[in-house]
Structures are given as structure tokens and as C-alpha cells.
file coords_3.cif (mmCIF, N, CA and C atoms)
data_coords
loop_
_atom_site.label_atom_id
_atom_site.label_comp_id
_atom_site.auth_asym_id
_atom_site.auth_seq_id
_atom_site.Cartn_x
_atom_site.Cartn_y
_atom_site.Cartn_z
N MET A 1 -88.97 -38.55 240.48
CA MET A 1 -88.32 -37.28 240.56
C MET A 1 -87.21 -37.39 241.59
N ALA A 2 -86.03 -37.09 241.19
CA ALA A 2 -84.88 -37.22 242.09
C ALA A 2 -84.61 -35.89 242.77
N LEU A 3 -84.33 -35.98 244.04
CA LEU A 3 -83.98 -34.78 244.80
C LEU A 3 -82.48 -34.75 245.01
N ARG A 4 -81.94 -33.62 245.07
CA ARG A 4 -80.52 -33.50 245.33
C ARG A 4 -80.28 -32.41 246.34
N ARG A 5 -79.15 -32.42 246.95
CA ARG A 5 -78.83 -31.40 247.93
C ARG A 5 -78.45 -30.12 247.24
N LEU A 6 -78.62 -29.02 247.96
CA LEU A 6 -78.33 -27.72 247.36
C LEU A 6 -76.84 -27.52 247.07
N GLY A 7 -75.98 -28.04 247.83
CA GLY A 7 -74.56 -27.81 247.66
C GLY A 7 -73.91 -28.67 246.59
N HIS A 8 -74.59 -29.67 246.12
CA HIS A 8 -73.98 -30.57 245.14
C HIS A 8 -74.64 -30.40 243.78
N LYS A 9 -73.90 -29.80 242.84
CA LYS A 9 -74.42 -29.61 241.48
C LYS A 9 -73.71 -30.58 240.56
N LYS A 10 -74.39 -30.94 239.54
CA LYS A 10 -73.75 -31.78 238.53
C LYS A 10 -72.73 -30.93 237.78
N PRO A 11 -71.62 -31.53 237.41
CA PRO A 11 -70.66 -30.73 236.63
C PRO A 11 -71.28 -30.36 235.27
N SER A 12 -71.10 -29.10 234.90
CA SER A 12 -71.69 -28.64 233.64
C SER A 12 -70.89 -29.21 232.47
N ARG A 13 -71.60 -29.58 231.44
CA ARG A 13 -70.94 -30.14 230.27
C ARG A 13 -70.64 -29.02 229.27
N THR A 14 -69.49 -29.06 228.65
CA THR A 14 -69.16 -28.07 227.62
C THR A 14 -69.49 -28.67 226.26
N PHE A 15 -70.00 -27.84 225.43
CA PHE A 15 -70.35 -28.27 224.09
C PHE A 15 -69.20 -27.89 223.16
N ASN A 16 -68.67 -28.85 222.46
CA ASN A 16 -67.58 -28.62 221.52
C ASN A 16 -68.13 -28.59 220.10
N SER A 17 -68.98 -27.64 219.83
CA SER A 17 -69.54 -27.52 218.49
C SER A 17 -69.59 -26.04 218.12
N ILE A 18 -69.65 -25.80 216.83
CA ILE A 18 -69.70 -24.43 216.31
C ILE A 18 -71.10 -24.19 215.78
N ASP A 19 -71.63 -23.05 216.09
CA ASP A 19 -72.94 -22.68 215.56
C ASP A 19 -72.79 -22.38 214.08
N MET A 20 -73.34 -23.22 213.24
CA MET A 20 -73.16 -23.11 211.79
C MET A 20 -74.10 -22.11 211.14
N THR A 21 -75.07 -21.62 211.85
CA THR A 21 -76.07 -20.73 211.26
C THR A 21 -75.44 -19.47 210.70
N SER A 22 -74.56 -18.84 211.47
CA SER A 22 -73.96 -17.60 210.99
C SER A 22 -73.01 -17.86 209.82
N LEU A 23 -72.33 -19.00 209.82
CA LEU A 23 -71.43 -19.31 208.70
C LEU A 23 -72.22 -19.58 207.42
N ILE A 24 -73.34 -20.25 207.56
CA ILE A 24 -74.18 -20.52 206.38
C ILE A 24 -74.77 -19.21 205.86
N ASP A 25 -75.18 -18.33 206.75
CA ASP A 25 -75.70 -17.02 206.33
C ASP A 25 -74.65 -16.24 205.57
N LEU A 26 -73.42 -16.25 206.07
CA LEU A 26 -72.33 -15.53 205.41
C LEU A 26 -72.04 -16.13 204.04
N THR A 27 -72.06 -17.45 203.95
CA THR A 27 -71.81 -18.11 202.67
C THR A 27 -72.87 -17.73 201.64
N PHE A 28 -74.13 -17.75 202.04
CA PHE A 28 -75.19 -17.37 201.10
C PHE A 28 -75.12 -15.90 200.73
N LEU A 29 -74.73 -15.04 201.65
CA LEU A 29 -74.58 -13.63 201.36
C LEU A 29 -73.48 -13.40 200.32
N LEU A 30 -72.35 -14.07 200.48
CA LEU A 30 -71.27 -13.95 199.50
C LEU A 30 -71.68 -14.51 198.14
N LEU A 31 -72.37 -15.63 198.14
CA LEU A 31 -72.83 -16.22 196.90
C LEU A 31 -73.77 -15.28 196.15
N ILE A 32 -74.71 -14.70 196.84
CA ILE A 32 -75.65 -13.77 196.21
C ILE A 32 -74.91 -12.53 195.71
N THR A 33 -73.94 -12.04 196.49
CA THR A 33 -73.16 -10.87 196.06
C THR A 33 -72.43 -11.16 194.75
N PHE A 34 -71.79 -12.33 194.65
CA PHE A 34 -71.07 -12.66 193.42
C PHE A 34 -72.03 -12.86 192.25
N ILE A 35 -73.16 -13.47 192.49
CA ILE A 35 -74.13 -13.68 191.41
C ILE A 35 -74.65 -12.34 190.88
N VAL A 36 -74.86 -11.38 191.75
CA VAL A 36 -75.38 -10.08 191.33
C VAL A 36 -74.31 -9.24 190.65
N THR A 37 -73.07 -9.28 191.12
CA THR A 37 -72.03 -8.40 190.58
C THR A 37 -71.33 -8.94 189.34
N MET A 38 -71.32 -10.23 189.10
CA MET A 38 -70.60 -10.76 187.94
C MET A 38 -71.11 -10.23 186.61
N PRO A 39 -72.41 -10.15 186.35
CA PRO A 39 -72.84 -9.58 185.07
C PRO A 39 -72.41 -8.12 184.91
N ALA A 40 -72.31 -7.38 186.00
CA ALA A 40 -71.88 -5.98 185.90
C ALA A 40 -70.41 -5.88 185.55
N LEU A 41 -69.60 -6.88 185.92
CA LEU A 41 -68.18 -6.85 185.62
C LEU A 41 -67.88 -7.23 184.18
N GLU A 42 -68.72 -8.06 183.58
CA GLU A 42 -68.51 -8.45 182.19
C GLU A 42 -68.89 -7.30 181.28
N GLN A 43 -68.02 -7.04 180.30
CA GLN A 43 -68.29 -5.95 179.37
C GLN A 43 -68.21 -6.50 177.95
N GLY A 44 -68.85 -5.82 177.05
CA GLY A 44 -68.77 -6.20 175.65
C GLY A 44 -70.04 -6.86 175.18
N ILE A 45 -70.00 -7.31 173.93
CA ILE A 45 -71.15 -7.94 173.30
C ILE A 45 -71.11 -9.42 173.62
N SER A 46 -72.24 -9.95 173.96
CA SER A 46 -72.33 -11.37 174.30
C SER A 46 -72.34 -12.19 173.03
N ILE A 47 -71.28 -12.95 172.81
CA ILE A 47 -71.19 -13.81 171.63
C ILE A 47 -70.66 -15.17 172.08
N LYS A 48 -70.86 -16.14 171.23
CA LYS A 48 -70.30 -17.46 171.49
C LYS A 48 -68.98 -17.55 170.74
N LEU A 49 -67.90 -17.68 171.51
CA LEU A 49 -66.58 -17.69 170.90
C LEU A 49 -66.23 -19.09 170.40
N PRO A 50 -65.48 -19.16 169.30
CA PRO A 50 -65.05 -20.48 168.83
C PRO A 50 -64.01 -21.07 169.77
N GLN A 51 -63.95 -22.38 169.80
CA GLN A 51 -62.95 -23.03 170.63
C GLN A 51 -61.69 -23.24 169.82
N GLY A 52 -60.56 -23.12 170.48
CA GLY A 52 -59.29 -23.31 169.80
C GLY A 52 -58.15 -23.13 170.78
N ARG A 53 -56.97 -23.42 170.31
CA ARG A 53 -55.79 -23.28 171.14
C ARG A 53 -54.97 -22.10 170.64
N ALA A 54 -54.62 -21.21 171.53
CA ALA A 54 -53.83 -20.03 171.15
C ALA A 54 -52.35 -20.35 171.28
N ASP A 55 -51.58 -19.80 170.37
CA ASP A 55 -50.13 -19.95 170.44
C ASP A 55 -49.57 -19.03 171.51
N GLU A 56 -48.47 -19.45 172.10
CA GLU A 56 -47.81 -18.60 173.08
C GLU A 56 -47.07 -17.48 172.37
N LEU A 57 -46.96 -16.34 173.06
CA LEU A 57 -46.22 -15.23 172.50
C LEU A 57 -44.73 -15.55 172.53
N PRO A 58 -43.99 -15.08 171.54
CA PRO A 58 -42.55 -15.33 171.56
C PRO A 58 -41.90 -14.61 172.74
N SER A 59 -40.80 -15.16 173.19
CA SER A 59 -40.15 -14.60 174.37
C SER A 59 -39.26 -13.39 174.05
N LYS A 60 -39.14 -13.05 172.77
CA LYS A 60 -38.29 -11.90 172.45
C LYS A 60 -38.94 -10.59 172.87
N LYS A 61 -38.14 -9.57 173.06
CA LYS A 61 -38.59 -8.29 173.58
C LYS A 61 -39.44 -7.54 172.56
N ALA A 62 -40.51 -6.95 173.03
CA ALA A 62 -41.39 -6.17 172.18
C ALA A 62 -41.00 -4.70 172.25
N ASN A 63 -41.22 -3.98 171.16
CA ASN A 63 -41.02 -2.54 171.13
C ASN A 63 -42.25 -1.86 171.71
N ILE A 64 -42.06 -0.76 172.42
CA ILE A 64 -43.17 -0.10 173.09
C ILE A 64 -43.35 1.30 172.51
N VAL A 65 -44.55 1.56 171.97
CA VAL A 65 -44.91 2.90 171.48
C VAL A 65 -45.85 3.49 172.52
N THR A 66 -45.51 4.69 173.03
CA THR A 66 -46.30 5.34 174.06
C THR A 66 -46.69 6.72 173.61
N MET A 67 -47.93 7.13 173.91
CA MET A 67 -48.38 8.49 173.67
C MET A 67 -48.91 9.04 174.98
N ASP A 68 -48.35 10.17 175.42
CA ASP A 68 -48.79 10.75 176.69
C ASP A 68 -49.96 11.69 176.47
N VAL A 69 -50.44 12.29 177.54
CA VAL A 69 -51.64 13.12 177.48
C VAL A 69 -51.44 14.36 176.61
N GLU A 70 -50.21 14.81 176.47
CA GLU A 70 -49.92 15.98 175.64
C GLU A 70 -49.78 15.64 174.16
N GLY A 71 -49.79 14.36 173.84
CA GLY A 71 -49.68 13.94 172.44
C GLY A 71 -48.26 13.63 172.02
N LYS A 72 -47.30 13.65 172.94
CA LYS A 72 -45.92 13.29 172.60
C LYS A 72 -45.83 11.79 172.41
N VAL A 73 -45.08 11.39 171.39
CA VAL A 73 -44.94 9.97 171.06
C VAL A 73 -43.54 9.52 171.45
N TYR A 74 -43.48 8.33 172.06
CA TYR A 74 -42.22 7.75 172.48
C TYR A 74 -42.09 6.36 171.88
N LEU A 75 -40.90 6.03 171.42
CA LEU A 75 -40.60 4.68 170.99
C LEU A 75 -39.51 4.15 171.91
N ASN A 76 -39.84 3.12 172.67
CA ASN A 76 -38.91 2.55 173.65
C ASN A 76 -38.34 3.63 174.57
N ASN A 77 -39.22 4.48 175.09
CA ASN A 77 -38.92 5.54 176.06
C ASN A 77 -38.07 6.68 175.51
N ARG A 78 -38.03 6.83 174.19
CA ARG A 78 -37.34 7.98 173.57
C ARG A 78 -38.36 8.76 172.74
N VAL A 79 -38.34 10.09 172.88
CA VAL A 79 -39.28 10.94 172.14
C VAL A 79 -38.99 10.80 170.65
N ILE A 80 -40.08 10.71 169.86
CA ILE A 80 -39.95 10.55 168.42
C ILE A 80 -41.15 11.21 167.76
N SER A 81 -40.95 11.76 166.56
CA SER A 81 -42.08 12.35 165.83
C SER A 81 -42.85 11.25 165.11
N MET A 82 -44.06 11.56 164.69
CA MET A 82 -44.88 10.57 163.99
C MET A 82 -44.22 10.12 162.68
N GLU A 83 -43.57 11.06 161.98
CA GLU A 83 -42.90 10.71 160.72
C GLU A 83 -41.72 9.78 160.98
N ASP A 84 -40.91 10.11 162.02
CA ASP A 84 -39.78 9.25 162.34
C ASP A 84 -40.25 7.90 162.88
N LEU A 85 -41.39 7.89 163.57
CA LEU A 85 -41.94 6.63 164.07
C LEU A 85 -42.28 5.72 162.90
N GLU A 86 -42.92 6.29 161.89
CA GLU A 86 -43.27 5.49 160.71
C GLU A 86 -42.03 4.94 160.03
N HIS A 87 -41.02 5.78 159.88
CA HIS A 87 -39.77 5.36 159.23
C HIS A 87 -39.07 4.27 160.06
N THR A 88 -38.96 4.47 161.37
CA THR A 88 -38.26 3.52 162.24
C THR A 88 -39.00 2.19 162.31
N LEU A 89 -40.32 2.24 162.48
CA LEU A 89 -41.08 0.99 162.51
C LEU A 89 -41.05 0.28 161.16
N GLY A 90 -41.03 1.05 160.08
CA GLY A 90 -40.91 0.45 158.75
C GLY A 90 -39.60 -0.30 158.60
N ASN A 91 -38.50 0.29 159.10
CA ASN A 91 -37.20 -0.38 159.05
C ASN A 91 -37.21 -1.64 159.92
N MET A 92 -37.82 -1.54 161.09
CA MET A 92 -37.89 -2.72 161.98
C MET A 92 -38.68 -3.85 161.32
N ALA A 93 -39.79 -3.50 160.68
CA ALA A 93 -40.62 -4.52 160.02
C ALA A 93 -39.91 -5.13 158.82
N ALA A 94 -39.08 -4.33 158.13
CA ALA A 94 -38.34 -4.86 156.98
C ALA A 94 -37.25 -5.83 157.45
N GLU A 95 -36.61 -5.52 158.58
CA GLU A 95 -35.57 -6.40 159.10
C GLU A 95 -36.15 -7.68 159.69
N ASP A 96 -37.26 -7.56 160.40
CA ASP A 96 -37.88 -8.70 161.08
C ASP A 96 -39.39 -8.62 160.88
N PRO A 97 -39.95 -9.44 159.98
CA PRO A 97 -41.40 -9.39 159.74
C PRO A 97 -42.24 -9.74 160.97
N ASP A 98 -41.66 -10.43 161.94
CA ASP A 98 -42.39 -10.82 163.15
C ASP A 98 -42.14 -9.87 164.31
N VAL A 99 -41.73 -8.63 164.02
CA VAL A 99 -41.49 -7.66 165.09
C VAL A 99 -42.81 -7.41 165.82
N SER A 100 -42.74 -7.31 167.14
CA SER A 100 -43.97 -7.08 167.92
C SER A 100 -43.90 -5.70 168.57
N VAL A 101 -45.07 -5.07 168.67
CA VAL A 101 -45.17 -3.71 169.20
C VAL A 101 -46.30 -3.66 170.22
N LEU A 102 -46.02 -3.08 171.36
CA LEU A 102 -47.03 -2.81 172.38
C LEU A 102 -47.36 -1.33 172.32
N VAL A 103 -48.63 -0.98 172.26
CA VAL A 103 -49.06 0.41 172.16
C VAL A 103 -49.68 0.82 173.49
N ARG A 104 -49.11 1.86 174.09
CA ARG A 104 -49.62 2.40 175.35
C ARG A 104 -50.10 3.81 175.11
N GLY A 105 -51.25 4.16 175.66
CA GLY A 105 -51.79 5.50 175.51
C GLY A 105 -52.48 5.96 176.77
N ASP A 106 -52.36 7.23 177.07
CA ASP A 106 -53.03 7.80 178.23
C ASP A 106 -54.53 7.75 178.02
N GLU A 107 -55.27 7.44 179.07
CA GLU A 107 -56.72 7.31 178.92
C GLU A 107 -57.42 8.62 178.61
N ARG A 108 -56.76 9.74 178.84
CA ARG A 108 -57.38 11.03 178.57
C ARG A 108 -57.15 11.51 177.15
N LEU A 109 -56.45 10.73 176.34
CA LEU A 109 -56.20 11.10 174.94
C LEU A 109 -57.47 11.01 174.12
N GLU A 110 -57.49 11.80 173.07
CA GLU A 110 -58.58 11.68 172.11
C GLU A 110 -58.38 10.40 171.31
N TYR A 111 -59.47 9.79 170.95
CA TYR A 111 -59.45 8.52 170.22
C TYR A 111 -58.68 8.63 168.90
N GLY A 112 -58.84 9.74 168.22
CA GLY A 112 -58.20 9.94 166.92
C GLY A 112 -56.69 9.93 166.97
N LYS A 113 -56.10 10.40 168.07
CA LYS A 113 -54.64 10.41 168.17
C LYS A 113 -54.08 8.99 168.25
N MET A 114 -54.76 8.12 168.95
CA MET A 114 -54.30 6.72 169.02
C MET A 114 -54.51 6.02 167.68
N ILE A 115 -55.55 6.41 166.96
CA ILE A 115 -55.78 5.82 165.63
C ILE A 115 -54.64 6.18 164.69
N GLY A 116 -54.02 7.34 164.88
CA GLY A 116 -52.86 7.71 164.06
C GLY A 116 -51.74 6.70 164.21
N ILE A 117 -51.49 6.26 165.43
CA ILE A 117 -50.45 5.25 165.65
C ILE A 117 -50.87 3.92 165.02
N MET A 118 -52.14 3.57 165.16
CA MET A 118 -52.62 2.31 164.58
C MET A 118 -52.50 2.33 163.05
N LYS A 119 -52.74 3.49 162.44
CA LYS A 119 -52.60 3.61 160.98
C LYS A 119 -51.16 3.39 160.56
N ILE A 120 -50.23 3.93 161.35
CA ILE A 120 -48.80 3.74 161.03
C ILE A 120 -48.44 2.25 161.10
N LEU A 121 -48.91 1.57 162.14
CA LEU A 121 -48.62 0.14 162.27
C LEU A 121 -49.20 -0.64 161.09
N TYR A 122 -50.40 -0.27 160.66
CA TYR A 122 -51.02 -0.94 159.52
C TYR A 122 -50.24 -0.64 158.24
N LYS A 123 -49.80 0.61 158.09
CA LYS A 123 -49.10 1.02 156.86
C LYS A 123 -47.77 0.30 156.70
N VAL A 124 -47.05 0.10 157.81
CA VAL A 124 -45.74 -0.56 157.73
C VAL A 124 -45.87 -2.08 157.87
N LYS A 125 -47.13 -2.56 157.91
CA LYS A 125 -47.45 -3.99 157.92
C LYS A 125 -46.91 -4.72 159.15
N ILE A 126 -47.07 -4.09 160.32
CA ILE A 126 -46.76 -4.77 161.58
C ILE A 126 -48.05 -5.44 162.05
N THR A 127 -48.01 -6.76 162.10
CA THR A 127 -49.21 -7.51 162.45
C THR A 127 -49.21 -8.00 163.90
N ARG A 128 -48.06 -8.02 164.53
CA ARG A 128 -47.98 -8.47 165.93
C ARG A 128 -47.96 -7.25 166.82
N MET A 129 -49.17 -6.83 167.23
CA MET A 129 -49.28 -5.65 168.10
C MET A 129 -50.37 -5.89 169.13
N ALA A 130 -50.28 -5.11 170.22
CA ALA A 130 -51.30 -5.21 171.27
C ALA A 130 -51.43 -3.85 171.94
N LEU A 131 -52.65 -3.56 172.41
CA LEU A 131 -52.91 -2.36 173.18
C LEU A 131 -52.74 -2.72 174.66
N VAL A 132 -51.99 -1.92 175.39
CA VAL A 132 -51.70 -2.20 176.79
C VAL A 132 -52.71 -1.48 177.68
N THR A 133 -53.29 -2.21 178.64
CA THR A 133 -54.21 -1.65 179.62
C THR A 133 -53.84 -2.15 181.00
N LEU A 134 -54.39 -1.52 182.01
CA LEU A 134 -54.20 -1.98 183.37
C LEU A 134 -55.30 -2.97 183.70
N SER A 135 -54.94 -3.95 184.49
CA SER A 135 -55.98 -4.88 184.93
C SER A 135 -56.78 -4.28 186.06
N GLU A 136 -58.10 -4.61 186.07
CA GLU A 136 -58.96 -4.04 187.10
C GLU A 136 -58.96 -4.87 188.35
#
call {"tool": "encode", "arguments": {"input": "coords_3.cif", "output": "C-alpha cells"}}
result
Amino acid sequence: MALRRLGHKKPSRTFNSIDMTSLIDLTFLLLITFIVTMPALEQGISIKLPQGRADELPSKKANIVTMDVEGKVYLNNRVISMEDLEHTLGNMAAEDPDVSVLVRGDERLEYGKMIGIMKILYKVKITRMALVTLSE
């Protein structure tokens, strides 16, 4: 047993390490959170999709059909009636069979009103169309 004088202490050593316990706890907490919330974020019917390669969309400008909460219809930001919409889209489809249309609708609209626009697109044989939504 070694004795030392009271006035002389050994220099204290500093530890240059990080306590990993809290970091590991945080990592496991985040992992469990993602595992629990991912099934809640997925929506729709669970199916096995076929594998394949999708073609890129053409770079040309798409026409935009919009219906607001009051039921007013707009084609490329101009008010238009449903009859004129059918006529105008029919002319566009006759000039260019690959014309593309984006359909935007207010979320508070009745389902049937948006189906009216979809029927017009089907009637004038526009096959390149998409429904626009916001990403979550």
C-alpha cells in the first residue's frame, strides 16, 4: 500500500469517449417508431405488383382541367362550361391523339361531379390523363 502526501494528487485523467447508451436507446426508439407507423402510412389493397419498366412522360405541356368547390370548371385557368369543355377537348384530341390532361378537383367536391369530367375525357378518347393530388 503506497502512501502519499496530502498536498500532492495525481493528475486526473480525462476520458475521451462518448457514452453510447443514450445514442443506442435513441436509435432503437426511432426504429420502433418507423416500424409501427409505416403500415399506417400505406393505403390501399395489398397486392403483388408486376415488375416492369415505365415510360417517361413526354416533356410537352399538359392541359389542366380544374373544378373548384362551387362546381365551376376551368380549362387552363379559364372558366368553361361542361359542354364547351367536351367540345374543346374533343378538338384537342382530334388534332393530337397523344394530348395529355391533368385533372384537379377540390377535396370537398362530391364524387359525382368529378366523374362528369372523367366521362368527358373517356367520351373524347383522351387516354393520357392523371388526377392531381398533394403529396403528404
call {"tool": "closest_residue", "arguments": {"input": "coords_3.cif", "among": "A:Ala93, A:Leu102, A:Val36, A:Leu85", "to": "Gly116 of chain A", "atoms": "only C-alpha atoms"}}
result
A:Leu85
call {"tool": "resolve_selection", "arguments": {"input": "coords_3.cif", "expression": "the PyMOL selection byres ((chain A and resi 109) around 8)", "output": "PyMOL selection string"}}
result
chain A and resi 67-71+105-108+110-114
call {"tool": "resolve_selection", "arguments": {"input": "coords_3.cif", "expression": "the PyMOL selection byres ((chain A and resi 99) around 7)", "output": "PyMOL selection string"}}
result
chain A and resi 62-63+92-93+96-98+100-101+126-129
call {"tool": "select_by_dssp", "arguments": {"input": "coords_3.cif", "residues": "segment 85-124 of chain A", "states": "strand (DSSP E)", "output": "PyMOL selection string"}}
result
chain A and resi 100-105
call {"tool": "select_by_dssp", "arguments": {"input": "coords_3.cif", "residues": "segment 15-129 of chain A", "states": "alpha helix (DSSP H)", "output": "PyMOL selection string"}}
result
chain A and resi 20-41+82-95+111-123
call {"tool": "resolve_selection", "arguments": {"input": "coords_3.cif", "expression": "the PyMOL selection byres ((chain A and resi 66) around 6)", "output": "list of chain:residue names"}}
result
A:Ile64, A:Val65, A:Met67, A:Asp68, A:Lys72, A:Val73, A:Tyr74, A:Leu75, A:Asn76, A:Val103, A:Arg104, A:Gly105
call {"tool": "write_last_selection", "arguments": {"input": "coords_3.cif", "atoms": "N, CA and C atoms", "output": "short mmCIF file (atom, residue, chain, number, x, y, z; two decimals), in the frame of the given file"}}
result
data_model
loop_
_atom_site.label_atom_id
_atom_site.label_comp_id
_atom_site.auth_asym_id
_atom_site.auth_seq_id
_atom_site.Cartn_x
_atom_site.Cartn_y
_atom_site.Cartn_z
N ILE A 64 -42.06 -0.76 172.42
CA ILE A 64 -43.17 -0.10 173.09
C ILE A 64 -43.35 1.30 172.51
N VAL A 65 -44.55 1.56 171.97
CA VAL A 65 -44.91 2.90 171.48
C VAL A 65 -45.85 3.49 172.52
N MET A 67 -47.93 7.13 173.91
CA MET A 67 -48.38 8.49 173.67
C MET A 67 -48.91 9.04 174.98
N ASP A 68 -48.35 10.17 175.42
CA ASP A 68 -48.79 10.75 176.69
C ASP A 68 -49.96 11.69 176.47
N LYS A 72 -47.30 13.65 172.94
CA LYS A 72 -45.92 13.29 172.60
C LYS A 72 -45.83 11.79 172.41
N VAL A 73 -45.08 11.39 171.39
CA VAL A 73 -44.94 9.97 171.06
C VAL A 73 -43.54 9.52 171.45
N TYR A 74 -43.48 8.33 172.06
CA TYR A 74 -42.22 7.75 172.48
C TYR A 74 -42.09 6.36 171.88
N LEU A 75 -40.90 6.03 171.42
CA LEU A 75 -40.60 4.68 170.99
C LEU A 75 -39.51 4.15 171.91
N ASN A 76 -39.84 3.12 172.67
CA ASN A 76 -38.91 2.55 173.65
C ASN A 76 -38.34 3.63 174.57
N VAL A 103 -48.63 -0.98 172.26
CA VAL A 103 -49.06 0.41 172.16
C VAL A 103 -49.68 0.82 173.49
N ARG A 104 -49.11 1.86 174.09
CA ARG A 104 -49.62 2.40 175.35
C ARG A 104 -50.10 3.81 175.11
N GLY A 105 -51.25 4.16 175.66
CA GLY A 105 -51.79 5.50 175.51
C GLY A 105 -52.48 5.96 176.77
#
call {"tool": "closest_residue", "arguments": {"input": "coords_3.cif", "among": "A:Val124, A:Leu131, A:Ile115, A:Met38", "to": "Glu86 of chain A", "atoms": "all atoms listed in the file"}}
result
A:Val124
call {"tool": "atom_distance", "arguments": {"input": "coords_3.cif", "atom1": "atom N of Ile18 of chain A", "atom2": "atom CA of Ile32 of chain A"}}
result
24.6 Å
